[in-house]
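Some notes on the structure that comes next.
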Amino acid sequence: MTAEDLFQYFDFKNRKYYYHITESGVGEIICEEGLMMTDSHIYSTMIEITPDLLKEGTQFISEEFSDNRHGQQEMVIIAIDKGREKRMIWNNNKGGSSWNNDAAADYYISPEFVLGYVDLSSPDYEFISNPNCYAEELDNMDMSR
């Protein structure tokens, strides 16, 4: 499935969507452990995906990837019901892996909110779904595309 296929399932009436750009291989870790954050503010590590952003399909991905100066290869996609945004960021009491080779992050977003990630290096921006996410978007997808 491609990122463009994924975007067709977005329900902007009831949910908000965000993306986080990261290095190759980290998207899978985020699907398993959640997105680690040093700051509890949503926009400290993510950018909201709006309907306007998707008017041109995957053009915003191409632009993000071409502007990428750090060699990051994956775009993690996160979804949350509207009005529950503050509830998706949790204190990191579980410890877990050291995300920056220094210390565990203070906050994290649970893997249940991570739809999956887009491989920015693949020609069609392949979407890899998260088996730990229970979002309706994933239930309704035809993953054979």
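Identifiers in this document derive from the order of the structure tokens: chains are assigned A, B, ..., residues are numbered from 1 separately in each chain, and ligands are numbered from 1 in order of occurrence.
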
Contacts of Asn130 (chain A) at 12 Å (only C-alpha atoms; same-chain gap of 6+ positions) as a list in words: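 Near Asn130 (chain A), the qualifying residues are Gly27, Glu28, Ile29, Ile30, Cys31, Glu32, Glu33, Gly34, Val76, Ile77, Ile78, Ala79, Ser110, Pro111, Glu112, Phe113, Val114, Leu115, Gly116, Tyr117, Val118, Glu137, Leu138 and Asp139 of chain A.
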
Secondary structure check, alpha helix (DSSP H) residues of chain A, as a ChimeraX atom specification: /A:3-7,26-33,59-67,136-140

Residue among A:Tyr108, A:Asp52, A:Gln59, A:Asp81 lying closest to Asn93 (chain A), counting only C-alpha atoms: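 When distances to Asn93 (chain A) are compared using only C-alpha atoms, the smallest one comes from A:Tyr108.
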
A:Gln8, A:Gln72, A:Asn92, A:Thr38 ranked by distance to Pro51 (chain A), top pick (using only C-alpha atoms): A:Gln8

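Across the model, the gap from CA of Thr58 (chain A) to CA of Pro123 (chain A) is 11.4 Å.
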
d(CA of Thr50 (chain A), CA of Tyr107 (chain A)) in Å: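 A separation of 24.4 Å between them.
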
One-decimal distance in Å that lies between CA of Glu74 (chain A) and CA of Ile47 (chain A): 14.0 Å

Exercise: Met88 (chain A) partners within 6 Å, only C-alpha atoms, chain neighbours under 2 positions left out, as a list in words: Glu85, Lys86 and Ile109 of chain A

Writer output for current selection, N, CA and C atoms, as a PDB file, in the first residue's frame:
ATOM      1  N   GLU A  85      -6.278  14.852  21.991  1.00  0.00           N
ATOM      2  CA  GLU A  85      -4.865  15.033  21.654  1.00  0.00           C
ATOM      3  C   GLU A  85      -3.955  15.039  22.876  1.00  0.00           C
ATOM      4  N   LYS A  86      -4.376  15.699  23.943  1.00  0.00           N
ATOM      5  CA  LYS A  86      -3.527  15.777  25.131  1.00  0.00           C
ATOM      6  C   LYS A  86      -3.425  14.432  25.837  1.00  0.00           C
ATOM      7  N   ILE A 109       4.362   8.763  23.059  1.00  0.00           N
ATOM      8  CA  ILE A 109       3.049   8.484  22.488  1.00  0.00           C
ATOM      9  C   ILE A 109       2.987   6.978  22.298  1.00  0.00           C
TER      10      ILE A 109
END

All residues 10 Å or closer to Asp39 (chain A), only C-alpha atoms, same chain fewer than 4 positions away omitted, as a ChimeraX atom specification: /A:43-45,89,105-108

Pull N, CA and C atoms from the residues just selected and write them as a short mmCIF file (atom, residue, chain, number, x, y, z; two decimals), in the first residue's frame.
data_model
loop_
_atom_site.label_atom_id
_atom_site.label_comp_id
_atom_site.auth_asym_id
_atom_site.auth_seq_id
_atom_site.Cartn_x
_atom_site.Cartn_y
_atom_site.Cartn_z
N TYR A 43 3.33 19.63 19.08
CA TYR A 43 4.06 20.19 17.95
C TYR A 43 5.57 20.27 18.18
N SER A 44 6.05 19.78 19.31
CA SER A 44 7.49 19.78 19.54
C SER A 44 8.19 18.72 18.68
N THR A 45 7.45 17.72 18.25
CA THR A 45 8.07 16.64 17.47
C THR A 45 7.24 16.18 16.27
N ILE A 89 -0.27 11.83 24.86
CA ILE A 89 1.10 12.00 25.34
C ILE A 89 1.14 11.58 26.81
N ALA A 105 13.48 9.19 27.21
CA ALA A 105 12.69 10.42 27.05
C ALA A 105 11.70 10.57 28.20
N ASP A 106 11.32 11.80 28.49
CA ASP A 106 10.37 12.07 29.58
C ASP A 106 8.94 11.70 29.21
N TYR A 107 8.60 11.74 27.92
CA TYR A 107 7.24 11.51 27.45
C TYR A 107 7.26 10.57 26.26
N TYR A 108 6.09 10.00 25.97
CA TYR A 108 5.98 9.19 24.76
C TYR A 108 4.52 9.10 24.33
#

Those in region 23-127 of chain A with strand (DSSP E or B) from DSSP, as a ChimeraX atom specification: /A:35-37,47-49,74-81,89-91,107-109,114-119,126-127
